[in-house]
Amino acid sequence: MKSAPTIAVALLLIATDIAASPLSATEIPQAQRRSGYSFMTPDTQAIQDDDTANPGMLWVLDGEALWKSKVGAAGKACADCHDDARVSMRDVAAHYPAFDKTLGRPVNLEQRINLCRVRHQQATPLAYESRDLLALTAFVAQQSRGAAILTDADPQLEPFVARGRELFMQRQGQLNLGCTNCHDDNWDKRLAGSAITQGHPTGYPLYRLEWQSLGSLQRRLRSCISGIRAQTYDYGAPELVELELYLMSRARGMPMEAPAVRP
Amino acid sequence: MRTLEQTSRRRFLGLAGSAAVLGAIPIVTVRPAEATPAMLATAIRNVVGEAPVRTGKVKLDVPPLVENGNTVPMTVSVQNPMTANDYVKSIHVFNEKNPQPNVGNFYLGPHAGRAQISTRIRLADSQKIVAIARLSDESFWSTSVDVVVTLAACTEEVI
Amino acid sequence: MASALINVPKRAKRGEIIEIKTLMSHIMETGYRHTATGEVVPRDIITSFVCRYNGVEIFRADLFPAIAANPFITFFTVATESGKFDFEWIGDKGFAETAWASILVE
């Protein structure tokens, strides 16, 4: 039988490990983090890799046109303030959701675009998942391609990241599942025929084969939440933004891939 | 006692699982596929007439297990010199179990250089896909492939 | 907002076989889906795609509901002379879109 000192050492090592590591016991270690891209078959990966074959790029093209069109009572285009998006929007999406001073809480990219429309273009906000909002979001997000995700540097966001983490961990719905149960504890296993990914939002907005359309991260979160038979939050709900913020923080350092393609 | 608990829990999860699939009523539902082998045969006859169809020369590239039946990459190629005297006139693709047997018809000619097309198709279920090439000498060549299609794990509410 | 993504090499050698890739934005509604109340969602697909090279048809396709949304079609052609490729998509409900790309053949 193993001696007590060995067991004590083992316990000490475990204790130190947890104490020293900034991660919680369930969080995926940095070295093991993988984008949803890596779970796809080569055929689907090929669709994402080619900009002329990636249907998400159709929305990016539309967004590029919208960027230049004058709207609202102010008759201004995004380009009038932000000039060339390739320069002004570079890496921006990798830092969203971000804190909005006026509202005193984080907003995601879609909300930021709408806030700009209302505050600076004097135009009506675009509906969530509308073609125009998806197109503008896709166009802006694409300017962050390759950029490392960094959303939790702002200390003002701390309580919201914490809240998002709670939402990620909590069990909910008829199936009594929390996001963490699949995406932290069972990634790389399968749910029916589909691979369970780690749930990193590196590619949003993305073209989902199941939707046959481009869609936002909030759409995906709502699908997942209804998939575990829980009550989904409305588009734009603070809970969804907090979840987005936590997910992006959980994916810190991973490169952006928007517009990605997923099954 | 423990065995009984485990059995009940497993059965409950099984029921819960099926409830998960059937519980939410999606706004848009899919009609069960109605195509039959007879429809497939008729569709092929509409192209081929009474001419014999030989196997060979045609290659169908489809992933054997598709990630999502809504968008399945497919490449059809025909081994052929593509000269003015010997070329592929057209390629016709059929399926076995979608509501409708035709997938697409593609018309080429000697100027194509290579008899190969790619597209993305929809497959409602695991099924056979057939590709038939018509050559300049009016001969028909075909190949078929069996594809496994799994359904998405969770049904979704539409947006 | 319909849009097309075309991939044609900008230049090619005379006689070279080139690949042309096209992607068109379209829902390709099959006509086999139903709403919750049982009504059929009517078919709305692209039915025909044509490519002309300096006015001469080099490729044509008949599309059916089994073609996935945002149809992606690739094919090959021999680069014979400099000029223009014209692409045309025709479909239900009077859908008609065109695009073009030029090529320099040396």
# chains A, B, ... in the order shown; residues from 1 in each chain; ligands from 1
>>> residues_around(residues="Thr119 (chain B)", least_positions_apart="4", cutoff="12 Å", atoms="only C-alpha atoms", output="number ranges by chain")
A: 47, 53; B: 60-62, 71-77, 93, 103-106; C: 20-24, 61, 63, 66-75
>>> interface_residues(of="chain A", to="chain B", cutoff="9 Å", atoms="only C-alpha atoms", output="PyMOL selection string")
chain A and resi 40-41+43-44+47+129+174-175+191-194+209-212+219+222-224+226-229+263
>>> closest_atom_pairs(of="chain C", to="chain B", cutoff="12 Å", atoms="only C-alpha atoms", output="JSON lines")
{"residue": "C:Gly15", "atom": "CA", "partner": "B:Gly113", "partner_atom": "CA", "distance": 8.8}
{"residue": "C:Glu16", "atom": "CA", "partner": "B:Gly113", "partner_atom": "CA", "distance": 8.4}
{"residue": "C:Ile17", "atom": "CA", "partner": "B:Gly113", "partner_atom": "CA", "distance": 5.7}
{"residue": "C:Ile18", "atom": "CA", "partner": "B:Gly113", "partner_atom": "CA", "distance": 8.2}
{"residue": "C:Glu19", "atom": "CA", "partner": "B:Arg114", "partner_atom": "CA", "distance": 9.1}
{"residue": "C:Ile20", "atom": "CA", "partner": "B:Ile117", "partner_atom": "CA", "distance": 9.7}
{"residue": "C:Lys21", "atom": "CA", "partner": "B:Ser118", "partner_atom": "CA", "distance": 8.8}
{"residue": "C:Thr22", "atom": "CA", "partner": "B:Thr119", "partner_atom": "CA", "distance": 9.5}
{"residue": "C:Leu23", "atom": "CA", "partner": "B:Thr119", "partner_atom": "CA", "distance": 9.5}
{"residue": "C:Met24", "atom": "CA", "partner": "B:Thr119", "partner_atom": "CA", "distance": 11.7}
{"residue": "C:Ile27", "atom": "CA", "partner": "B:Asn70", "partner_atom": "CA", "distance": 11.8}
{"residue": "C:Met28", "atom": "CA", "partner": "B:Arg122", "partner_atom": "CA", "distance": 10.5}
{"residue": "C:Glu29", "atom": "CA", "partner": "B:Arg122", "partner_atom": "CA", "distance": 11.5}
{"residue": "C:Thr30", "atom": "CA", "partner": "B:Pro99", "partner_atom": "CA", "distance": 9.6}
{"residue": "C:Gly31", "atom": "CA", "partner": "B:Pro99", "partner_atom": "CA", "distance": 10.0}
{"residue": "C:Tyr32", "atom": "CA", "partner": "B:Arg31", "partner_atom": "CA", "distance": 6.2}
{"residue": "C:Arg33", "atom": "CA", "partner": "B:Val30", "partner_atom": "CA", "distance": 5.2}
{"residue": "C:His34", "atom": "CA", "partner": "B:Val28", "partner_atom": "CA", "distance": 5.4}
{"residue": "C:Thr35", "atom": "CA", "partner": "B:Val28", "partner_atom": "CA", "distance": 4.6}
{"residue": "C:Ala36", "atom": "CA", "partner": "B:Ile27", "partner_atom": "CA", "distance": 4.8}
{"residue": "C:Thr37", "atom": "CA", "partner": "B:Ile27", "partner_atom": "CA", "distance": 8.4}
{"residue": "C:Gly38", "atom": "CA", "partner": "B:Thr29", "partner_atom": "CA", "distance": 8.8}
{"residue": "C:Glu39", "atom": "CA", "partner": "B:Val28", "partner_atom": "CA", "distance": 9.6}
{"residue": "C:Val40", "atom": "CA", "partner": "B:Val28", "partner_atom": "CA", "distance": 9.4}
{"residue": "C:Val41", "atom": "CA", "partner": "B:Val28", "partner_atom": "CA", "distance": 8.6}
{"residue": "C:Ile46", "atom": "CA", "partner": "B:Gly104", "partner_atom": "CA", "distance": 11.3}
{"residue": "C:Thr47", "atom": "CA", "partner": "B:Gly104", "partner_atom": "CA", "distance": 9.4}
{"residue": "C:Ser48", "atom": "CA", "partner": "B:Asn105", "partner_atom": "CA", "distance": 9.5}
{"residue": "C:Phe49", "atom": "CA", "partner": "B:Phe106", "partner_atom": "CA", "distance": 9.3}
{"residue": "C:Val50", "atom": "CA", "partner": "B:Tyr107", "partner_atom": "CA", "distance": 9.5}
{"residue": "C:Cys51", "atom": "CA", "partner": "B:Tyr107", "partner_atom": "CA", "distance": 10.6}
{"residue": "C:Arg52", "atom": "CA", "partner": "B:His111", "partner_atom": "CA", "distance": 11.6}
{"residue": "C:Tyr53", "atom": "CA", "partner": "B:His111", "partner_atom": "CA", "distance": 10.4}
{"residue": "C:Val56", "atom": "CA", "partner": "B:His111", "partner_atom": "CA", "distance": 10.5}
{"residue": "C:Glu57", "atom": "CA", "partner": "B:Leu108", "partner_atom": "CA", "distance": 9.4}
{"residue": "C:Ile58", "atom": "CA", "partner": "B:Leu108", "partner_atom": "CA", "distance": 6.7}
{"residue": "C:Phe59", "atom": "CA", "partner": "B:Leu108", "partner_atom": "CA", "distance": 5.5}
{"residue": "C:Arg60", "atom": "CA", "partner": "B:Tyr107", "partner_atom": "CA", "distance": 5.1}
{"residue": "C:Ala61", "atom": "CA", "partner": "B:Phe106", "partner_atom": "CA", "distance": 4.4}
{"residue": "C:Asp62", "atom": "CA", "partner": "B:Asn105", "partner_atom": "CA", "distance": 5.0}
{"residue": "C:Leu63", "atom": "CA", "partner": "B:Gly104", "partner_atom": "CA", "distance": 4.9}
{"residue": "C:Phe64", "atom": "CA", "partner": "B:Val103", "partner_atom": "CA", "distance": 5.5}
{"residue": "C:Pro65", "atom": "CA", "partner": "B:Val103", "partner_atom": "CA", "distance": 7.2}
{"residue": "C:Ala66", "atom": "CA", "partner": "B:Arg122", "partner_atom": "CA", "distance": 4.9}
{"residue": "C:Ile67", "atom": "CA", "partner": "B:Ile121", "partner_atom": "CA", "distance": 4.3}
{"residue": "C:Ala68", "atom": "CA", "partner": "B:Ile121", "partner_atom": "CA", "distance": 4.7}
{"residue": "C:Ala69", "atom": "CA", "partner": "B:Thr71", "partner_atom": "CA", "distance": 7.7}
{"residue": "C:Asn70", "atom": "CA", "partner": "B:Arg120", "partner_atom": "CA", "distance": 9.0}
{"residue": "C:Pro71", "atom": "CA", "partner": "B:Arg120", "partner_atom": "CA", "distance": 6.9}
{"residue": "C:Phe72", "atom": "CA", "partner": "B:Thr119", "partner_atom": "CA", "distance": 5.2}
{"residue": "C:Ile73", "atom": "CA", "partner": "B:Thr119", "partner_atom": "CA", "distance": 4.7}
{"residue": "C:Thr74", "atom": "CA", "partner": "B:Ser118", "partner_atom": "CA", "distance": 5.0}
{"residue": "C:Phe75", "atom": "CA", "partner": "B:Ile117", "partner_atom": "CA", "distance": 4.7}
{"residue": "C:Phe76", "atom": "CA", "partner": "B:Ala112", "partner_atom": "CA", "distance": 5.3}
{"residue": "C:Thr77", "atom": "CA", "partner": "B:Ala112", "partner_atom": "CA", "distance": 3.9}
{"residue": "C:Val78", "atom": "CA", "partner": "B:Gly113", "partner_atom": "CA", "distance": 5.3}
{"residue": "C:Ala79", "atom": "CA", "partner": "B:His111", "partner_atom": "CA", "distance": 8.7}
{"residue": "C:Thr80", "atom": "CA", "partner": "B:His111", "partner_atom": "CA", "distance": 8.9}
>>> interface_residues(of="chain A", to="chain C", cutoff="9 Å", atoms="only C-alpha atoms", output="list in words")
Asp51, Thr52, Ala53, Asn54, Pro55, Met57, Leu58, Trp59, Leu61, Asp62, Arg131, Gln212 and Ser213 of chain A
>>> write_last_selection(atoms="C-alpha atoms", output="mmCIF file, in the first residue's frame")
data_model
loop_
_atom_site.group_PDB
_atom_site.id
_atom_site.type_symbol
_atom_site.label_atom_id
_atom_site.label_comp_id
_atom_site.auth_asym_id
_atom_site.auth_seq_id
_atom_site.Cartn_x
_atom_site.Cartn_y
_atom_site.Cartn_z
ATOM 1 C CA ASP A 51 -13.135 33.714 -49.965
ATOM 2 C CA THR A 52 -14.794 33.131 -53.327
ATOM 3 C CA ALA A 53 -16.496 29.974 -52.098
ATOM 4 C CA ASN A 54 -17.429 31.140 -48.596
ATOM 5 C CA PRO A 55 -21.090 32.249 -48.663
ATOM 6 C CA MET A 57 -18.423 36.727 -47.973
ATOM 7 C CA LEU A 58 -21.658 37.603 -49.774
ATOM 8 C CA TRP A 59 -22.740 39.401 -46.614
ATOM 9 C CA LEU A 61 -19.729 42.425 -49.818
ATOM 10 C CA ASP A 62 -23.164 43.766 -48.950
ATOM 11 C CA ARG A 131 -29.829 41.239 -43.650
ATOM 12 C CA GLN A 212 -28.094 28.190 -44.901
ATOM 13 C CA SER A 213 -27.500 31.768 -43.926
#
>>> select_by_dssp(residues="region 40-107 of chain B", states="strand (DSSP E)", output="PyMOL selection string")
chain B and resi 53-55+58-61+65-66+72-78+88-95+102-107
>>> residues_around(residues="Thr151 (chain A)", least_positions_apart="2", cutoff="8 Å", atoms="only C-alpha atoms", output="number ranges by chain")
A: 94-98, 149, 153-154, 245, 248-249, 252
>>> write_last_selection(atoms="N, CA and C atoms", output="compact mmCIF listing (two decimals), in the first residue's frame")
# COMPACT_ATOMS: atom_id res chain seq x y z
N ALA A 94 -12.38 42.12 -32.49
CA ALA A 94 -11.71 41.24 -31.53
C ALA A 94 -11.82 41.77 -30.11
N HIS A 95 -12.27 43.02 -29.98
CA HIS A 95 -12.41 43.63 -28.66
C HIS A 95 -13.86 43.81 -28.24
N TYR A 96 -14.75 43.13 -28.98
CA TYR A 96 -16.16 43.25 -28.59
C TYR A 96 -16.68 41.96 -27.99
N PRO A 97 -17.64 41.98 -27.04
CA PRO A 97 -18.36 43.14 -26.51
C PRO A 97 -17.45 44.09 -25.73
N ALA A 98 -17.80 45.37 -25.79
CA ALA A 98 -17.01 46.40 -25.11
C ALA A 98 -17.93 47.28 -24.27
N ILE A 149 -8.15 37.64 -29.95
CA ILE A 149 -9.30 38.12 -29.18
C ILE A 149 -8.83 38.69 -27.85
N ALA A 153 -9.76 43.11 -20.97
CA ALA A 153 -8.72 43.99 -20.42
C ALA A 153 -9.30 45.13 -19.60
N ASP A 154 -10.53 45.53 -19.95
CA ASP A 154 -11.16 46.68 -19.29
C ASP A 154 -11.70 46.27 -17.92
N LEU A 245 -19.75 38.09 -23.82
CA LEU A 245 -18.53 38.67 -23.25
C LEU A 245 -17.72 37.58 -22.58
N MET A 248 -16.10 35.31 -25.23
CA MET A 248 -14.95 35.95 -25.88
C MET A 248 -13.76 35.99 -24.92
N SER A 249 -14.05 36.23 -23.64
CA SER A 249 -12.95 36.26 -22.66
C SER A 249 -12.34 34.88 -22.50
N ARG A 252 -9.80 34.23 -25.09
CA ARG A 252 -8.77 35.27 -25.21
C ARG A 252 -7.53 34.72 -25.89
>>> residues_around(residues="Arg54 (chain B)", least_positions_apart="3", cutoff="8 Å", atoms="only C-alpha atoms", output="VMD selection string")
chain B and resid 140 to 142
>>> write_last_selection(atoms="N, CA and C atoms", output="short mmCIF file (atom, residue, chain, number, x, y, z; two decimals), in the first residue's frame")
data_model
loop_
_atom_site.label_atom_id
_atom_site.label_comp_id
_atom_site.auth_asym_id
_atom_site.auth_seq_id
_atom_site.Cartn_x
_atom_site.Cartn_y
_atom_site.Cartn_z
N PHE B 140 -23.77 6.90 -73.05
CA PHE B 140 -24.02 7.34 -71.67
C PHE B 140 -23.19 6.52 -70.70
N TRP B 141 -22.57 7.24 -69.77
CA TRP B 141 -21.76 6.58 -68.76
C TRP B 141 -22.20 7.06 -67.39
N SER B 142 -22.15 6.14 -66.39
CA SER B 142 -22.66 6.58 -65.08
C SER B 142 -21.83 6.04 -63.93
#
>>> closest_residue(among="B:Leu135, B:Ala38, B:Ala43, B:Val53", to="Gln79 (chain B)", atoms="only C-alpha atoms")
B:Leu135
>>> atom_distance(atom1="CA of Ala65 (chain A)", atom2="CA of Phe139 (chain A)")
9.5 Å
>>> atom_distance(atom1="CA of Leu103 (chain A)", atom2="CA of Leu115 (chain A)")
10.3 Å
>>> decode(residues="region 21-62 of chain C", atoms="N, CA and C atoms", output="mmCIF file, in the first residue's frame")
data_model
loop_
_atom_site.group_PDB
_atom_site.id
_atom_site.type_symbol
_atom_site.label_atom_id
_atom_site.label_comp_id
_atom_site.auth_asym_id
_atom_site.auth_seq_id
_atom_site.Cartn_x
_atom_site.Cartn_y
_atom_site.Cartn_z
ATOM 1 N N LYS C 21 -15.036 29.881 -60.754
ATOM 2 C CA LYS C 21 -15.898 29.602 -59.592
ATOM 3 C C LYS C 21 -16.904 30.730 -59.422
ATOM 4 N N THR C 22 -18.134 30.356 -59.175
ATOM 5 C CA THR C 22 -19.170 31.380 -59.011
ATOM 6 C C THR C 22 -19.986 31.092 -57.762
ATOM 7 N N LEU C 23 -20.405 32.152 -57.105
ATOM 8 C CA LEU C 23 -21.236 32.028 -55.906
ATOM 9 C C LEU C 23 -22.292 33.117 -55.987
ATOM 10 N N MET C 24 -23.550 32.741 -55.922
ATOM 11 C CA MET C 24 -24.641 33.724 -56.036
ATOM 12 C C MET C 24 -25.511 33.655 -54.795
ATOM 13 N N SER C 25 -25.851 34.815 -54.287
ATOM 14 C CA SER C 25 -26.713 34.906 -53.118
ATOM 15 C C SER C 25 -28.159 34.576 -53.513
ATOM 16 N N HIS C 26 -28.707 33.513 -52.945
ATOM 17 C CA HIS C 26 -30.111 33.162 -53.218
ATOM 18 C C HIS C 26 -30.575 32.121 -52.225
ATOM 19 N N ILE C 27 -31.804 32.273 -51.731
ATOM 20 C CA ILE C 27 -32.310 31.391 -50.676
ATOM 21 C C ILE C 27 -32.578 29.971 -51.179
ATOM 22 N N MET C 28 -32.859 29.794 -52.456
ATOM 23 C CA MET C 28 -33.166 28.470 -53.021
ATOM 24 C C MET C 28 -34.232 27.761 -52.173
ATOM 25 N N GLU C 29 -35.343 28.409 -52.018
ATOM 26 C CA GLU C 29 -36.469 27.834 -51.268
ATOM 27 C C GLU C 29 -37.027 26.662 -52.063
ATOM 28 N N THR C 30 -37.042 25.490 -51.434
ATOM 29 C CA THR C 30 -37.313 24.271 -52.196
ATOM 30 C C THR C 30 -38.756 24.131 -52.668
ATOM 31 N N GLY C 31 -39.692 24.702 -51.905
ATOM 32 C CA GLY C 31 -41.095 24.468 -52.237
ATOM 33 C C GLY C 31 -41.639 23.237 -51.539
ATOM 34 N N TYR C 32 -40.806 22.631 -50.701
ATOM 35 C CA TYR C 32 -41.262 21.440 -49.967
ATOM 36 C C TYR C 32 -41.402 21.704 -48.469
ATOM 37 N N ARG C 33 -41.115 22.959 -48.061
ATOM 38 C CA ARG C 33 -41.231 23.258 -46.642
ATOM 39 C C ARG C 33 -42.635 23.774 -46.327
ATOM 40 N N HIS C 34 -43.054 23.601 -45.079
ATOM 41 C CA HIS C 34 -44.374 24.063 -44.652
ATOM 42 C C HIS C 34 -44.230 24.967 -43.458
ATOM 43 N N THR C 35 -45.167 25.882 -43.292
ATOM 44 C CA THR C 35 -45.221 26.664 -42.059
ATOM 45 C C THR C 35 -45.914 25.819 -40.992
ATOM 46 N N ALA C 36 -45.910 26.339 -39.760
ATOM 47 C CA ALA C 36 -46.534 25.596 -38.658
ATOM 48 C C ALA C 36 -48.022 25.398 -38.894
ATOM 49 N N THR C 37 -48.633 26.295 -39.669
ATOM 50 C CA THR C 37 -50.066 26.167 -39.923
ATOM 51 C C THR C 37 -50.352 25.287 -41.135
ATOM 52 N N GLY C 38 -49.312 24.720 -41.718
ATOM 53 C CA GLY C 38 -49.535 23.756 -42.790
ATOM 54 C C GLY C 38 -49.457 24.298 -44.190
ATOM 55 N N GLU C 39 -49.213 25.598 -44.339
ATOM 56 C CA GLU C 39 -49.140 26.134 -45.696
ATOM 57 C C GLU C 39 -47.772 25.850 -46.303
ATOM 58 N N VAL C 40 -47.761 25.568 -47.591
ATOM 59 C CA VAL C 40 -46.502 25.332 -48.273
ATOM 60 C C VAL C 40 -45.781 26.664 -48.473
ATOM 61 N N VAL C 41 -44.494 26.668 -48.189
ATOM 62 C CA VAL C 41 -43.687 27.836 -48.526
ATOM 63 C C VAL C 41 -43.337 27.692 -50.001
ATOM 64 N N PRO C 42 -43.793 28.607 -50.845
ATOM 65 C CA PRO C 42 -43.671 28.371 -52.285
ATOM 66 C C PRO C 42 -42.217 28.319 -52.761
ATOM 67 N N ARG C 43 -42.033 27.535 -53.825
ATOM 68 C CA ARG C 43 -40.696 27.385 -54.397
ATOM 69 C C ARG C 43 -40.155 28.714 -54.898
ATOM 70 N N ASP C 44 -38.889 28.933 -54.657
ATOM 71 C CA ASP C 44 -38.231 30.155 -55.131
ATOM 72 C C ASP C 44 -36.766 29.803 -55.318
ATOM 73 N N ILE C 45 -36.438 29.333 -56.507
ATOM 74 C CA ILE C 45 -35.062 28.902 -56.754
ATOM 75 C C ILE C 45 -34.513 29.520 -58.033
ATOM 76 N N ILE C 46 -33.210 29.479 -58.148
ATOM 77 C CA ILE C 46 -32.573 29.783 -59.428
ATOM 78 C C ILE C 46 -32.726 28.528 -60.280
ATOM 79 N N THR C 47 -33.195 28.660 -61.501
ATOM 80 C CA THR C 47 -33.434 27.479 -62.326
ATOM 81 C C THR C 47 -32.368 27.301 -63.396
ATOM 82 N N SER C 48 -31.686 28.400 -63.736
ATOM 83 C CA SER C 48 -30.754 28.296 -64.851
ATOM 84 C C SER C 48 -29.556 29.222 -64.647
ATOM 85 N N PHE C 49 -28.384 28.734 -65.028
ATOM 86 C CA PHE C 49 -27.145 29.515 -64.939
ATOM 87 C C PHE C 49 -26.406 29.377 -66.264
ATOM 88 N N VAL C 50 -25.965 30.495 -66.822
ATOM 89 C CA VAL C 50 -25.263 30.465 -68.109
ATOM 90 C C VAL C 50 -23.996 31.287 -68.013
ATOM 91 N N CYS C 51 -22.951 30.814 -68.677
ATOM 92 C CA CYS C 51 -21.731 31.606 -68.795
ATOM 93 C C CYS C 51 -21.387 31.741 -70.271
ATOM 94 N N ARG C 52 -21.110 32.971 -70.677
ATOM 95 C CA ARG C 52 -20.695 33.222 -72.067
ATOM 96 C C ARG C 52 -19.305 33.835 -72.055
ATOM 97 N N TYR C 53 -18.499 33.382 -72.992
ATOM 98 C CA TYR C 53 -17.130 33.848 -73.125
ATOM 99 C C TYR C 53 -17.081 34.620 -74.436
ATOM 100 N N ASN C 54 -16.883 35.942 -74.320
ATOM 101 C CA ASN C 54 -16.950 36.808 -75.505
ATOM 102 C C ASN C 54 -18.178 36.498 -76.344
ATOM 103 N N GLY C 55 -19.298 36.354 -75.658
ATOM 104 C CA GLY C 55 -20.582 36.186 -76.336
ATOM 105 C C GLY C 55 -20.963 34.762 -76.662
ATOM 106 N N VAL C 56 -20.001 33.823 -76.563
ATOM 107 C CA VAL C 56 -20.307 32.437 -76.919
ATOM 108 C C VAL C 56 -20.568 31.639 -75.659
ATOM 109 N N GLU C 57 -21.678 30.893 -75.641
ATOM 110 C CA GLU C 57 -22.010 30.105 -74.452
ATOM 111 C C GLU C 57 -20.983 29.000 -74.261
ATOM 112 N N ILE C 58 -20.383 28.977 -73.066
ATOM 113 C CA ILE C 58 -19.409 27.917 -72.796
ATOM 114 C C ILE C 58 -19.879 26.970 -71.701
ATOM 115 N N PHE C 59 -20.883 27.373 -70.943
ATOM 116 C CA PHE C 59 -21.350 26.521 -69.856
ATOM 117 C C PHE C 59 -22.772 26.887 -69.512
ATOM 118 N N ARG C 60 -23.565 25.850 -69.239
ATOM 119 C CA ARG C 60 -24.943 26.111 -68.822
ATOM 120 C C ARG C 60 -25.324 25.072 -67.784
ATOM 121 N N ALA C 61 -26.186 25.455 -66.838
ATOM 122 C CA ALA C 61 -26.630 24.498 -65.834
ATOM 123 C C ALA C 61 -28.111 24.670 -65.561
ATOM 124 N N ASP C 62 -28.823 23.549 -65.408
ATOM 125 C CA ASP C 62 -30.211 23.562 -64.919
ATOM 126 C C ASP C 62 -30.130 23.256 -63.438
#
